[in-house]
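Undergrad: Got a structure for you, upload-v3.txt, holding compact mmCIF, C-alpha atoms and all ligand atoms.
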```txt
# COMPACT_ATOMS: atom_id res chain seq x y z
CA MET Y 458 123.75 97.79 94.69
CA THR Y 459 121.55 98.62 97.72
CA ILE Y 460 121.28 96.41 100.79
CA LEU Y 461 117.74 95.58 99.69
CA ASP Y 462 119.04 94.34 96.32
CA GLN Y 463 121.55 92.17 98.16
CA LEU Y 464 118.90 90.82 100.55
CA ALA Y 465 116.57 90.07 97.62
CA GLY Y 466 119.38 88.42 95.60
CA TYR Y 467 120.30 86.19 98.50
CA ALA Y 468 116.62 85.33 99.12
CA LYS Y 469 116.41 84.09 95.51
CA GLU Y 470 119.42 81.83 96.15
CA ARG Y 471 117.80 80.55 99.35
CA VAL Y 472 114.61 79.69 97.47
CA LEU Y 473 116.59 77.72 94.87
CA GLU Y 474 118.22 75.73 97.68
CA ALA Y 475 114.91 75.22 99.51
CA LYS Y 476 113.28 73.90 96.34
CA LYS Y 477 115.96 71.21 96.14
CA LYS Y 478 114.84 69.99 99.57
CA MET Y 479 111.11 70.32 98.90
CA SER Y 480 109.65 71.01 95.47
CA PHE Y 481 107.36 73.95 94.82
CA GLU Y 482 104.44 71.58 94.13
CA GLU Y 483 104.93 69.75 97.41
CA MET Y 484 105.31 72.96 99.47
CA ARG Y 485 102.16 74.35 97.86
CA ARG Y 486 100.29 71.08 98.43
CA GLN Y 487 101.24 71.04 102.11
CA ALA Y 488 100.30 74.70 102.64
CA LEU Y 489 96.93 74.30 100.94
CA GLY Y 490 96.32 71.17 103.01
CA LEU Y 491 96.44 73.22 106.23
CA PRO Y 492 93.29 74.88 107.61
CA LYS Y 493 92.80 78.26 105.97
CA GLY Y 494 93.99 81.11 108.18
CA SER Y 495 91.55 83.64 109.61
CA PHE Y 496 93.51 86.79 108.67
CA SER Y 497 94.26 87.08 112.39
CA PHE Y 498 97.14 89.54 111.84
CA GLU Y 499 94.81 91.95 110.04
CA GLN Y 500 92.17 91.49 112.74
CA ALA Y 501 94.74 92.23 115.46
CA LEU Y 502 95.51 95.56 113.80
CA LYS Y 503 91.85 96.55 113.58
CA LYS Y 504 91.33 97.00 117.29
CA PRO Y 505 90.58 100.57 118.41
CA GLY Y 506 93.71 102.57 119.25
CA MET Y 507 97.28 101.57 118.54
CA SER Y 508 98.34 97.97 117.96
CA PHE Y 509 101.86 96.81 118.76
CA ILE Y 510 103.83 94.43 116.56
CA CYS Y 511 106.87 93.40 118.59
CA GLU Y 512 109.88 92.02 116.77
CA CYS Y 513 112.23 89.12 117.52
CA LYS Y 514 115.47 90.16 115.82
CA LYS Y 515 118.98 89.00 116.69
CA ALA Y 516 120.88 91.28 114.30
CA SER Y 517 120.34 93.69 111.42
CA PRO Y 518 122.35 95.19 108.55
CA SER Y 519 122.28 98.67 110.12
CA LYS Y 520 123.04 97.67 113.73
CA GLY Y 521 125.01 94.42 113.44
CA LEU Y 522 124.58 92.07 116.38
CA ILE Y 523 121.79 93.36 118.64
CA ALA Y 524 121.12 90.37 120.91
CA PRO Y 525 124.10 88.02 121.37
CA ASP Y 526 121.93 85.89 123.66
CA PHE Y 527 118.73 85.31 121.82
CA PRO Y 528 116.26 83.29 123.92
CA TYR Y 529 113.63 83.77 121.23
CA LEU Y 530 110.88 81.70 122.84
CA ILE Y 531 111.22 83.52 126.16
CA ILE Y 532 111.24 86.85 124.30
CA ALA Y 533 108.08 85.91 122.37
CA GLU Y 534 106.32 84.79 125.54
CA GLU Y 535 107.33 88.03 127.26
CA TYR Y 536 105.90 90.02 124.36
CA GLU Y 537 102.63 88.13 124.54
CA ALA Y 538 102.40 88.53 128.33
CA ALA Y 539 103.19 92.24 127.98
CA GLY Y 540 100.22 92.75 125.64
CA ALA Y 541 101.76 92.64 122.17
CA ASP Y 542 99.12 92.29 119.45
CA ALA Y 543 101.40 90.40 117.05
CA ILE Y 544 104.99 89.24 116.78
CA SER Y 545 107.35 89.84 113.87
CA VAL Y 546 109.97 87.11 113.49
CA LEU Y 547 113.02 87.62 111.29
CA THR Y 548 113.84 84.48 109.32
CA GLU Y 549 116.50 86.00 107.03
CA PRO Y 550 119.73 84.16 107.99
CA LYS Y 551 122.66 86.16 106.62
CA TRP Y 552 122.21 89.75 107.78
CA PHE Y 553 119.55 89.28 110.49
CA LEU Y 554 120.81 85.90 111.76
CA GLY Y 555 117.22 84.66 111.59
CA LYS Y 556 116.01 81.09 111.17
CA ASP Y 557 112.81 79.46 109.95
CA GLU Y 558 112.85 77.41 113.17
CA TYR Y 559 112.45 80.57 115.26
CA LEU Y 560 109.20 81.32 113.49
CA LYS Y 561 107.97 77.74 113.62
CA GLU Y 562 108.59 77.41 117.36
CA ILE Y 563 107.31 80.86 118.26
CA ALA Y 564 104.12 80.44 116.22
CA ALA Y 565 103.51 77.10 117.92
CA THR Y 566 104.04 78.64 121.37
CA VAL Y 567 102.16 81.94 121.40
CA SER Y 568 98.52 82.51 120.57
CA ILE Y 569 98.94 85.93 118.96
CA PRO Y 570 99.58 86.14 115.18
CA CYS Y 571 103.13 85.97 113.83
CA LEU Y 572 104.52 87.83 110.83
CA ARG Y 573 107.24 86.14 108.80
CA LYS Y 574 109.66 89.04 108.40
CA ASP Y 575 111.69 88.07 105.37
CA PHE Y 576 112.41 89.27 101.86
CA THR Y 577 109.69 87.54 99.88
CA VAL Y 578 110.87 87.13 96.29
CA ASP Y 579 109.02 84.00 95.21
CA GLU Y 580 105.58 82.56 95.87
CA TYR Y 581 107.34 79.53 97.34
CA MET Y 582 108.19 81.64 100.40
CA ILE Y 583 104.50 82.37 101.03
CA TYR Y 584 103.53 78.69 101.05
CA GLU Y 585 106.58 78.02 103.22
CA ALA Y 586 105.49 80.77 105.66
CA LYS Y 587 102.08 79.12 105.97
CA CYS Y 588 103.73 75.75 106.71
CA LEU Y 589 105.90 77.41 109.37
CA GLY Y 590 102.79 78.69 111.15
CA ALA Y 591 102.88 82.35 110.11
CA SER Y 592 99.72 84.44 110.01
CA ALA Y 593 101.25 87.11 107.79
CA VAL Y 594 104.08 87.77 105.33
CA LEU Y 595 105.98 90.87 104.32
CA LEU Y 596 105.80 92.05 100.70
CA ILE Y 597 108.25 94.87 99.92
CA CYS Y 598 107.30 97.23 97.09
CA ALA Y 599 110.94 98.06 96.30
CA ILE Y 600 111.76 94.46 95.33
CA LEU Y 601 108.46 93.30 93.78
CA SER Y 602 106.61 94.45 90.68
CA GLU Y 603 103.01 95.61 90.95
CA GLU Y 604 101.97 92.38 89.25
CA GLN Y 605 103.89 90.29 91.80
CA LEU Y 606 102.32 92.26 94.67
CA ARG Y 607 98.88 91.50 93.27
CA GLU Y 608 99.64 87.80 92.62
CA TYR Y 609 101.27 87.26 96.00
CA GLY Y 610 98.37 89.07 97.68
CA ASN Y 611 95.98 86.63 95.97
CA ILE Y 612 98.00 83.66 97.25
CA CYS Y 613 97.85 85.13 100.76
CA ASP Y 614 94.07 85.49 100.43
CA GLU Y 615 93.76 81.88 99.34
CA LEU Y 616 95.73 80.75 102.41
CA GLY Y 617 94.07 83.14 104.87
CA LEU Y 618 97.36 84.94 105.47
CA SER Y 619 97.66 88.73 105.79
CA ALA Y 620 100.11 90.65 103.63
CA LEU Y 621 101.98 93.58 105.15
CA VAL Y 622 102.96 95.57 102.07
CA GLU Y 623 105.96 97.78 102.78
CA ALA Y 624 106.54 101.16 101.15
CA HIS Y 625 109.34 103.65 101.61
CA ASP Y 626 108.10 106.56 99.54
CA GLU Y 627 105.10 108.04 97.74
CA ALA Y 628 105.55 106.03 94.52
CA GLU Y 629 105.74 102.76 96.45
CA ALA Y 630 102.70 103.64 98.59
CA LEU Y 631 100.67 104.30 95.42
CA LYS Y 632 101.94 101.05 93.90
CA ALA Y 633 100.82 99.16 97.05
CA LEU Y 634 97.36 100.71 96.81
CA ARG Y 635 97.02 99.89 93.10
CA ALA Y 636 97.97 96.28 93.91
CA GLY Y 637 95.11 96.10 96.42
CA ALA Y 638 97.06 96.17 99.69
CA ARG Y 639 94.86 96.14 102.80
CA ILE Y 640 97.78 96.72 105.18
CA ILE Y 641 100.56 99.15 104.27
CA GLY Y 642 103.71 99.42 106.35
CA VAL Y 643 105.70 102.59 105.94
CA ASN Y 644 109.34 102.05 106.75
CA ASN Y 645 110.87 105.05 108.48
CA ARG Y 646 114.37 103.73 107.78
CA ASN Y 647 116.08 104.95 104.63
CA LEU Y 648 117.67 101.78 103.36
CA LYS Y 649 120.35 103.66 101.41
CA ASP Y 650 121.94 105.43 104.38
CA PHE Y 651 120.06 103.78 107.29
CA THR Y 652 118.89 107.11 108.71
CA VAL Y 653 115.53 106.93 110.48
CA ASP Y 654 112.85 109.60 110.30
CA THR Y 655 109.42 108.82 111.72
CA GLU Y 656 108.13 111.88 109.84
CA ASN Y 657 108.18 109.59 106.76
CA SER Y 658 105.01 108.07 108.22
CA ARG Y 659 103.37 111.51 108.38
CA ARG Y 660 104.25 112.25 104.74
CA LEU Y 661 102.79 108.97 103.47
CA ARG Y 662 99.80 108.77 105.82
CA GLU Y 663 97.99 111.41 103.83
CA LEU Y 664 98.12 109.25 100.68
CA ILE Y 665 96.63 106.17 102.25
CA PRO Y 666 92.85 105.95 102.70
CA PRO Y 667 91.59 105.35 106.25
CA GLU Y 668 90.17 101.90 105.44
CA VAL Y 669 93.69 100.65 104.65
CA LEU Y 670 95.55 99.69 107.83
CA PHE Y 671 98.67 101.77 108.34
CA VAL Y 672 101.73 100.40 110.15
CA SER Y 673 104.66 102.62 111.03
CA GLU Y 674 107.89 100.59 110.99
CA SER Y 675 111.37 101.25 112.41
CA GLY Y 676 112.95 103.76 114.72
CA VAL Y 677 110.20 103.82 117.36
CA LYS Y 678 111.95 104.43 120.67
CA THR Y 679 109.71 106.25 123.13
CA GLY Y 680 106.13 106.62 124.27
CA GLU Y 681 106.23 110.09 122.74
CA ASP Y 682 107.08 108.55 119.33
CA VAL Y 683 104.13 106.18 119.68
CA LYS Y 684 101.79 109.02 120.71
CA ARG Y 685 102.89 111.15 117.75
CA LEU Y 686 102.40 108.26 115.32
CA ARG Y 687 98.95 107.56 116.74
CA GLU Y 688 98.03 111.22 116.33
CA MET Y 689 99.10 111.09 112.70
CA GLY Y 690 96.76 108.13 112.15
CA ALA Y 691 98.93 105.00 112.45
CA ASN Y 692 96.95 101.87 113.35
CA ALA Y 693 100.05 99.98 114.47
CA VAL Y 694 103.74 100.32 115.17
CA LEU Y 695 106.36 97.69 114.44
CA ILE Y 696 109.13 97.87 117.04
CA GLY Y 697 112.36 95.88 116.97
CA GLU Y 698 115.60 97.22 118.38
CA THR Y 699 114.12 99.23 121.25
CA LEU Y 700 112.45 96.13 122.68
CA MET Y 701 115.31 93.77 121.84
CA ARG Y 702 117.75 95.92 123.83
CA ALA Y 703 115.40 96.33 126.80
CA GLU Y 704 116.33 94.19 129.83
CA ASP Y 705 112.71 94.23 130.96
CA LYS Y 706 110.57 93.96 127.84
CA LYS Y 707 107.30 94.09 129.75
CA LYS Y 708 108.30 97.36 131.41
CA LYS Y 709 109.52 98.83 128.10
CA LEU Y 710 106.31 97.94 126.27
CA ALA Y 711 104.29 99.46 129.13
CA GLU Y 712 106.41 102.63 128.78
CA LEU Y 713 105.82 102.72 125.02
CA LYS Y 714 102.08 102.31 125.54
CA GLY Y 715 102.10 104.66 128.51
CA SER Y 716 101.36 108.01 126.97
CA LEU Y 717 98.44 106.84 124.83
O1 LIG X 801 117.07 97.24 110.13
C1 LIG X 801 117.83 97.21 109.13
O2 LIG X 801 119.04 97.47 109.19
C2 LIG X 801 117.27 96.85 107.79
C3 LIG X 801 118.09 96.92 106.68
C4 LIG X 801 117.61 96.53 105.46
C5 LIG X 801 116.33 96.08 105.30
C6 LIG X 801 115.50 96.01 106.41
C7 LIG X 801 115.96 96.39 107.64
N1 LIG X 801 115.17 96.30 108.76
C8 LIG X 801 113.97 95.57 108.80
C9 LIG X 801 112.93 96.27 109.52
O3 LIG X 801 111.98 96.64 108.88
C10 LIG X 801 113.05 96.48 111.00
O4 LIG X 801 113.55 95.32 111.57
C11 LIG X 801 111.72 96.81 111.67
O5 LIG X 801 111.02 97.80 111.02
C12 LIG X 801 111.99 97.23 113.12
O6 LIG X 801 112.85 98.34 113.15
P1 LIG X 801 113.53 98.86 114.48
O7 LIG X 801 112.44 99.08 115.50
O8 LIG X 801 114.20 100.14 114.13
O9 LIG X 801 114.47 97.80 114.91
```
As structure tokens, how would this structure be written, given the file I've shared?

TA:
Amino acid sequence: MTILDQLAGYAKERVLEAKKKMSFEEMRRQALGLPKGSFSFEQALKKPGMSFICECKKASPSKGLIAPDFPYLIIAEEYEAAGADAISVLTEPKWFLGKDEYLKEIAATVSIPCLRKDFTVDEYMIYEAKCLGASAVLLICAILSEEQLREYGNICDELGLSALVEAHDEAEALKALRAGARIIGVNNRNLKDFTVDTENSRRLRELIPPEVLFVSESGVKTGEDVKRLREMGANAVLIGETLMRAEDKKKKLAELKGSL
């Protein structure tokens, strides 16, 4: 069983528990009662040049504990002040030590869009993301059928949320396109052995039409990486560990933007 299977299996258990606290009907009712979102995440990625999605992540399956102290609100404010275009907030509790509260508080504090970075396995999680203040959710091709990608994309459209549809290989990128994805994230991390190769973005970029926003995820460490990804046509980079480990996040983001 891959780590993704385990993450998806546990997400299904979490949804069952969450539904005991608030029913699907009630969660949906509350989400639909909120003002429709303005697809602000998608808009943020449409600006000319490279957009930066900066991640708040305490731990991960591949790296274990990354940030023992995790002043998530300060980190989010630093990202915003440093010129991040959007913030990715991990809410998965077991392997990433994330919490829904992190997203709720960050989204209420910053004015840039927030992505709920979690392992969406049920439409309940999309309505929940809206109630937590997210502007976008992650849909992973490896754990969702094409039909689910399409259905969940429609729910996002109804709520005004953006869907970042994640692909790891050619077959998944084509599946995302068939399902109507408007933003495709290519993960450079091989989730079987955790190796990272940003060339994965180059391989898949060619398959994805220019009108579909292209996000390169994972393993971005230097300004040179960012420059290379921009040259290969990425609209945005999603950066976690490099920023989380940086003492001075403003300086690190400036460095990453520097060579553009
Ligand atoms: O990072 C992991 O170990 C991981 C394992 C299994 C599923 C997902 C995983 N990471 C999620 C991410 O997509 C990254 O947090 C994100 O792309 C940022 O990556 P990085 O800049 O390398 O921290």

Undergrad: With all atoms listed in the file counted, collect every polymer residue having an atom within 7 Å of ligand LIG 801 (chain X); state the result as a ChimeraX atom specification.

TA: /Y:460-461,512,514,517-520,644,648,651,674-677,695-699

Undergrad: Restricted to C-alpha atoms, what would the selected residues look like written as an mmCIF file, keeping the file's coordinate frame?

TA:
```cif
data_model
loop_
_atom_site.group_PDB
_atom_site.id
_atom_site.type_symbol
_atom_site.label_atom_id
_atom_site.label_comp_id
_atom_site.auth_asym_id
_atom_site.auth_seq_id
_atom_site.Cartn_x
_atom_site.Cartn_y
_atom_site.Cartn_z
ATOM 1 C CA ILE Y 460 121.280 96.410 100.790
ATOM 2 C CA LEU Y 461 117.740 95.580 99.690
ATOM 3 C CA GLU Y 512 109.880 92.020 116.770
ATOM 4 C CA LYS Y 514 115.470 90.160 115.820
ATOM 5 C CA SER Y 517 120.340 93.690 111.420
ATOM 6 C CA PRO Y 518 122.350 95.190 108.550
ATOM 7 C CA SER Y 519 122.280 98.670 110.120
ATOM 8 C CA LYS Y 520 123.040 97.670 113.730
ATOM 9 C CA ASN Y 644 109.340 102.050 106.750
ATOM 10 C CA LEU Y 648 117.670 101.780 103.360
ATOM 11 C CA PHE Y 651 120.060 103.780 107.290
ATOM 12 C CA GLU Y 674 107.890 100.590 110.990
ATOM 13 C CA SER Y 675 111.370 101.250 112.410
ATOM 14 C CA GLY Y 676 112.950 103.760 114.720
ATOM 15 C CA VAL Y 677 110.200 103.820 117.360
ATOM 16 C CA LEU Y 695 106.360 97.690 114.440
ATOM 17 C CA ILE Y 696 109.130 97.870 117.040
ATOM 18 C CA GLY Y 697 112.360 95.880 116.970
ATOM 19 C CA GLU Y 698 115.600 97.220 118.380
ATOM 20 C CA THR Y 699 114.120 99.230 121.250
#
```

Undergrad: For Y:Lys708, list every protein, DNA or RNA residue within 12 Å, evaluated using all atoms listed in the file, and leave out those in the same chain fewer than 6 positions away; present the list as number ranges by chain.

TA: Y: 535-536, 538-540, 680, 699-700, 714-715

Undergrad: Keeping only C-alpha atoms, take the residues you just selected and write them out as an mmCIF file, keeping the file's coordinate frame.

TA:
```cif
data_model
loop_
_atom_site.group_PDB
_atom_site.id
_atom_site.type_symbol
_atom_site.label_atom_id
_atom_site.label_comp_id
_atom_site.auth_asym_id
_atom_site.auth_seq_id
_atom_site.Cartn_x
_atom_site.Cartn_y
_atom_site.Cartn_z
ATOM 1 C CA GLU Y 535 107.330 88.030 127.260
ATOM 2 C CA TYR Y 536 105.900 90.020 124.360
ATOM 3 C CA ALA Y 538 102.400 88.530 128.330
ATOM 4 C CA ALA Y 539 103.190 92.240 127.980
ATOM 5 C CA GLY Y 540 100.220 92.750 125.640
ATOM 6 C CA GLY Y 680 106.130 106.620 124.270
ATOM 7 C CA THR Y 699 114.120 99.230 121.250
ATOM 8 C CA LEU Y 700 112.450 96.130 122.680
ATOM 9 C CA LYS Y 714 102.080 102.310 125.540
ATOM 10 C CA GLY Y 715 102.100 104.660 128.510
#
```

Undergrad: Pick the closest to Y:Ala599 from Y:Asp462, Y:Glu549, Y:Glu580, Y:Glu668: which is it, counting only C-alpha atoms?

TA: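 Checking each of Y:Asp462, Y:Glu549, Y:Glu580, Y:Glu668 against Y:Ala599, counting only C-alpha atoms, the winner is Y:Asp462.
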
Undergrad: Please list as a PDB file with C-alpha atoms, in the coordinates of the input every residue within 6 Å of Y:Lys561, counting all atoms listed in the file and excluding residues in the same chain fewer than 2 positions away.

TA:
```pdb
ATOM      1  CA  GLU Y 558     112.850  77.410 113.170  1.00  0.00           C
ATOM      2  CA  TYR Y 559     112.450  80.570 115.260  1.00  0.00           C
ATOM      3  CA  ILE Y 563     107.310  80.860 118.260  1.00  0.00           C
ATOM      4  CA  ALA Y 564     104.120  80.440 116.220  1.00  0.00           C
ATOM      5  CA  LEU Y 589     105.900  77.410 109.370  1.00  0.00           C
ATOM      6  CA  GLY Y 590     102.790  78.690 111.150  1.00  0.00           C
TER       7      GLY Y 590
END
```

Undergrad: Would you please work out which residue, of Y:Thr566, Y:Val672, Y:Glu627, Y:Ala475, is nearest to Y:Phe498 when using only C-alpha atoms?

TA: Y:Val672

Undergrad: Determine the nearest neighbour of Y:Leu621 from the options Y:Ile665, Y:Ala586, Y:Asp654, Y:Lys574, counting only C-alpha atoms.

TA: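 Residue with the minimum atom-to-atom distance to Y:Leu621: Y:Lys574.
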
Undergrad: One decimal, Å: what's the distance from atom CA of Y:Ala524 over to atom CA of Y:Met701, could you say?

TA: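 Atom-to-atom, atom CA of Y:Ala524 to atom CA of Y:Met701, that is 6.8 Å.
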
Undergrad: Find the residue from Y:Met582, Y:Ala628, Y:Leu634, Y:Leu547 that sits nearest to Y:Lys469; use all atoms listed in the file when measuring.

TA: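 Selected residue with least distance to Y:Lys469: Y:Met582.
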
Undergrad: For the contact check between stretch 520-605 of chain Y and stretch 480-487 of chain Y, emit one row per residue of stretch 520-605 of chain Y within 7 Å, containing the shortest atom pair and the distance in Å rounded to one decimal, counting only C-alpha atoms, chain then rising number order, as CSV.

TA:
```
residue,atom,partner,partner_atom,distance
Y:Tyr581,CA,Y:Phe481,CA,6.1
Y:Tyr584,CA,Y:Arg485,CA,5.6
Y:Glu585,CA,Y:Met484,CA,6.4
```

Undergrad: Compare Y:Ala516, Y:Ile569, Y:Leu596, Y:Leu530 by their minimum atom-to-atom distance to Y:Phe553, counting only C-alpha atoms, and give me the closest one.

TA: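 Between Y:Ala516, Y:Ile569, Y:Leu596, Y:Leu530, the residue approaching Y:Phe553 most closely is Y:Ala516.
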
Undergrad: So which one's closest to Y:Arg702, Y:Asp526, Y:Asp626, Y:Asp614, Y:Glu688? Using only C-alpha atoms, please.

TA: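 Among the listed residues, the smallest separation from Y:Arg702 belongs to Y:Asp526.
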
Undergrad: Counting all atoms listed in the file, note down every residue that has an atom within 10 Å of the point (105.6, 88.5, 118.5) (file coordinates), as a ChimeraX atom specification.

TA: /Y:509-513,529-530,532-537,540-546,560,563-564,567-572

Undergrad: I need every residue sitting at most 10 Å from the point (103.1, 93.8, 89.9) (coordinates as in the file, all atoms listed in the file considered), written as a list in words.

TA: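 Selection result: Cys598, Leu601, Ser602, Glu603, Glu604, Gln605, Leu606, Arg607, Glu608, Tyr609, Lys632, Ala633, Arg635 and Ala636 of chain Y.
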
Undergrad: Do you have the atom CA of Y:Val594-atom CA of Y:Cys613 distance handy?

TA: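 We find that atom CA of Y:Val594 and atom CA of Y:Cys613 lie 8.2 Å from each other.
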
Undergrad: Would you pick out the contacts of Y:Gly617 at 10 Å or less, using all atoms listed in the file, so that residues sharing its chain but fewer than 5 positions from it are not included, and give the list as a list in words?

TA: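 Listing them by chain and then by number gives Pro492, Lys493, Gly494, Ser495, Phe496, Ser497, Phe498, Lys587, Ser592, Ala593, Asn611 and Ile612 of chain Y.
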
Undergrad: Write the residues of the selection above to a file with C-alpha atoms, as a compact mmCIF listing (two decimals), keeping the file's coordinate frame.

TA:
```
# COMPACT_ATOMS: atom_id res chain seq x y z
CA PRO Y 492 93.29 74.88 107.61
CA LYS Y 493 92.80 78.26 105.97
CA GLY Y 494 93.99 81.11 108.18
CA SER Y 495 91.55 83.64 109.61
CA PHE Y 496 93.51 86.79 108.67
CA SER Y 497 94.26 87.08 112.39
CA PHE Y 498 97.14 89.54 111.84
CA LYS Y 587 102.08 79.12 105.97
CA SER Y 592 99.72 84.44 110.01
CA ALA Y 593 101.25 87.11 107.79
CA ASN Y 611 95.98 86.63 95.97
CA ILE Y 612 98.00 83.66 97.25
```

Undergrad: Could you add whatever atoms are missing so that stretch 695-716 of chain Y carries N, CA and C atoms, then write the result as a PDB file, in the coordinates of the input?

TA:
```
ATOM      1  N   LEU Y 695     105.540  98.897 114.427  1.00  0.00           N
ATOM      2  CA  LEU Y 695     106.360  97.690 114.440  1.00  0.00           C
ATOM      3  C   LEU Y 695     107.690  98.080 115.093  1.00  0.00           C
ATOM      4  N   ILE Y 696     107.971  97.445 116.235  1.00  0.00           N
ATOM      5  CA  ILE Y 696     109.130  97.870 117.040  1.00  0.00           C
ATOM      6  C   ILE Y 696     110.098  96.707 117.226  1.00  0.00           C
ATOM      7  N   GLY Y 697     111.352  96.922 116.838  1.00  0.00           N
ATOM      8  CA  GLY Y 697     112.360  95.880 116.970  1.00  0.00           C
ATOM      9  C   GLY Y 697     113.419  96.217 117.997  1.00  0.00           C
ATOM     10  N   GLU Y 698     114.400  96.987 117.573  1.00  0.00           N
ATOM     11  CA  GLU Y 698     115.600  97.220 118.380  1.00  0.00           C
ATOM     12  C   GLU Y 698     115.322  97.711 119.800  1.00  0.00           C
ATOM     13  N   THR Y 699     114.402  98.658 119.923  1.00  0.00           N
ATOM     14  CA  THR Y 699     114.120  99.230 121.250  1.00  0.00           C
ATOM     15  C   THR Y 699     113.722  98.138 122.236  1.00  0.00           C
ATOM     16  N   LEU Y 700     112.892  97.209 121.788  1.00  0.00           N
ATOM     17  CA  LEU Y 700     112.450  96.130 122.680  1.00  0.00           C
ATOM     18  C   LEU Y 700     113.549  95.079 122.848  1.00  0.00           C
ATOM     19  N   MET Y 701     114.262  94.794 121.754  1.00  0.00           N
ATOM     20  CA  MET Y 701     115.310  93.770 121.840  1.00  0.00           C
ATOM     21  C   MET Y 701     116.406  94.172 122.826  1.00  0.00           C
ATOM     22  N   ARG Y 702     116.672  95.469 122.922  1.00  0.00           N
ATOM     23  CA  ARG Y 702     117.750  95.920 123.830  1.00  0.00           C
ATOM     24  C   ARG Y 702     117.251  96.125 125.261  1.00  0.00           C
ATOM     25  N   ALA Y 703     115.936  96.076 125.460  1.00  0.00           N
ATOM     26  CA  ALA Y 703     115.400  96.330 126.800  1.00  0.00           C
ATOM     27  C   ALA Y 703     115.575  95.084 127.681  1.00  0.00           C
ATOM     28  N   GLU Y 704     116.171  95.291 128.859  1.00  0.00           N
ATOM     29  CA  GLU Y 704     116.330  94.190 129.830  1.00  0.00           C
ATOM     30  C   GLU Y 704     114.951  93.647 130.204  1.00  0.00           C
ATOM     31  N   ASP Y 705     114.051  94.599 130.536  1.00  0.00           N
ATOM     32  CA  ASP Y 705     112.710  94.230 130.960  1.00  0.00           C
ATOM     33  C   ASP Y 705     111.712  94.629 129.852  1.00  0.00           C
ATOM     34  N   LYS Y 706     111.378  93.654 129.034  1.00  0.00           N
ATOM     35  CA  LYS Y 706     110.570  93.960 127.840  1.00  0.00           C
ATOM     36  C   LYS Y 706     109.141  94.356 128.208  1.00  0.00           C
ATOM     37  N   LYS Y 707     108.653  93.776 129.306  1.00  0.00           N
ATOM     38  CA  LYS Y 707     107.300  94.090 129.750  1.00  0.00           C
ATOM     39  C   LYS Y 707     107.226  95.564 130.170  1.00  0.00           C
ATOM     40  N   LYS Y 708     108.254  95.974 130.929  1.00  0.00           N
ATOM     41  CA  LYS Y 708     108.300  97.360 131.410  1.00  0.00           C
ATOM     42  C   LYS Y 708     108.435  98.318 130.204  1.00  0.00           C
ATOM     43  N   LYS Y 709     109.281  97.955 129.260  1.00  0.00           N
ATOM     44  CA  LYS Y 709     109.520  98.830 128.100  1.00  0.00           C
ATOM     45  C   LYS Y 709     108.246  98.968 127.255  1.00  0.00           C
ATOM     46  N   LEU Y 710     107.542  97.856 127.063  1.00  0.00           N
ATOM     47  CA  LEU Y 710     106.310  97.940 126.270  1.00  0.00           C
ATOM     48  C   LEU Y 710     105.271  98.798 127.003  1.00  0.00           C
ATOM     49  N   ALA Y 711     105.227  98.644 128.336  1.00  0.00           N
ATOM     50  CA  ALA Y 711     104.290  99.460 129.130  1.00  0.00           C
ATOM     51  C   ALA Y 711     104.651 100.945 128.964  1.00  0.00           C
ATOM     52  N   GLU Y 712     105.952 101.237 128.970  1.00  0.00           N
ATOM     53  CA  GLU Y 712     106.410 102.630 128.780  1.00  0.00           C
ATOM     54  C   GLU Y 712     105.978 103.157 127.404  1.00  0.00           C
ATOM     55  N   LEU Y 713     106.165 102.306 126.384  1.00  0.00           N
ATOM     56  CA  LEU Y 713     105.820 102.720 125.020  1.00  0.00           C
ATOM     57  C   LEU Y 713     104.313 102.952 124.868  1.00  0.00           C
ATOM     58  N   LYS Y 714     103.536 102.160 125.607  1.00  0.00           N
ATOM     59  CA  LYS Y 714     102.080 102.310 125.540  1.00  0.00           C
ATOM     60  C   LYS Y 714     101.603 103.450 126.443  1.00  0.00           C
ATOM     61  N   GLY Y 715     102.474 103.796 127.383  1.00  0.00           N
ATOM     62  CA  GLY Y 715     102.100 104.660 128.510  1.00  0.00           C
ATOM     63  C   GLY Y 715     101.397 105.940 128.177  1.00  0.00           C
ATOM     64  N   SER Y 716     101.893 106.670 127.180  1.00  0.00           N
ATOM     65  CA  SER Y 716     101.360 108.010 126.970  1.00  0.00           C
ATOM     66  C   SER Y 716     100.155 108.040 126.044  1.00  0.00           C
TER      67      SER Y 716
END
```
